[in-house]
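The block underneath contains the structure these notes are about, expressed in structure tokens.
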Amino acid sequence: MRNPAYYLTALALTITPLIAMEQQDNQGNSNQNTGWDNLPDELKIGIIGHTSPSDAANAGLVNKKWHDLANDDVAWKHRFQNDFQEYQEEPREGESSKDVYKELKWSMTG
């Protein structure tokens with residue numbers, strides 16, 4: 001049985017044509033209501049949450065909406081749970097999952 005992250009990665013790869021359609025929509029080249037914007041935010045966050053931090057950072061450069069999705073605490077919580085499965089603590093009050101992820105990642109590499 002395959003890891004669920006495999007299926008999410010495959011799903012993320014199928015999103016690429018939807019993104020291209022959205023760019024066409026945003027440029028006024030199409031009247032159809034298609035693309036990434038039609039996906040529920042929960043699905044977008046789940047997809048972005050299963051990408052690497054660098055891919056999420058690149059996605060966040062697309063526009064403000066993507067920046068918000070790439071920095072969403074739930075997305076970072078997904079990433080945190082995938083990369084640090086043995087770590088069970090929740091972020092402290094006032095601290096985001098992104099902050100905890102970066103802190104642990106730096107402590108492991110430095």
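Residues are named by chain letter and number: chains run A, B, ... in the order of the structure tokens, numbers start at 1 in each chain, and ligands are numbered from 1 in the order shown.
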Shell of 8 Å around Asp72 (chain A), only C-alpha atoms, local chain residues under 4 positions omitted, as an MDAnalysis selection string: chainID A and resid 45 68 76
Dump C-alpha atoms for the selected residues as a compact mmCIF listing (two decimals), in the first residue's frame?
# COMPACT_ATOMS: atom_id res chain seq x y z
CA ILE A 45 -3.75 23.92 1.87
CA ASP A 68 -1.49 33.20 2.30
CA TRP A 76 2.87 24.00 7.94
Long-range neighbours of Ala59 (chain A) as a list of chain:residue names, 10 Å cut-off, only C-alpha atoms, 5 positions minimum in chain: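 Those residues are A:Ile48, A:Thr51, A:Pro53, A:Ser54, A:Lys65, A:Trp66, A:His67, A:Asp68, A:Leu69, A:Ala70, A:Asn71.
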I need the residues from that last selection saved to file as a PDB file, in the first residue's frame (with C-alpha atoms), if you can.
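Okay, result.pdb is ready:
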ATOM      1  CA  ILE A  48       0.732  22.872  -0.392  1.00  0.00           C
ATOM      2  CA  THR A  51       5.225  20.045  -0.675  1.00  0.00           C
ATOM      3  CA  PRO A  53       9.315  24.184   2.214  1.00  0.00           C
ATOM      4  CA  SER A  54      11.159  25.566  -0.828  1.00  0.00           C
ATOM      5  CA  LYS A  65      -3.693  34.358  -2.196  1.00  0.00           C
ATOM      6  CA  TRP A  66      -0.954  31.791  -2.828  1.00  0.00           C
ATOM      7  CA  HIS A  67       1.269  33.538  -0.289  1.00  0.00           C
ATOM      8  CA  ASP A  68      -1.491  33.198   2.301  1.00  0.00           C
ATOM      9  CA  LEU A  69      -1.985  29.511   1.416  1.00  0.00           C
ATOM     10  CA  ALA A  70       1.760  28.768   1.499  1.00  0.00           C
ATOM     11  CA  ASN A  71       2.055  30.387   4.930  1.00  0.00           C
TER      12      ASN A  71
END
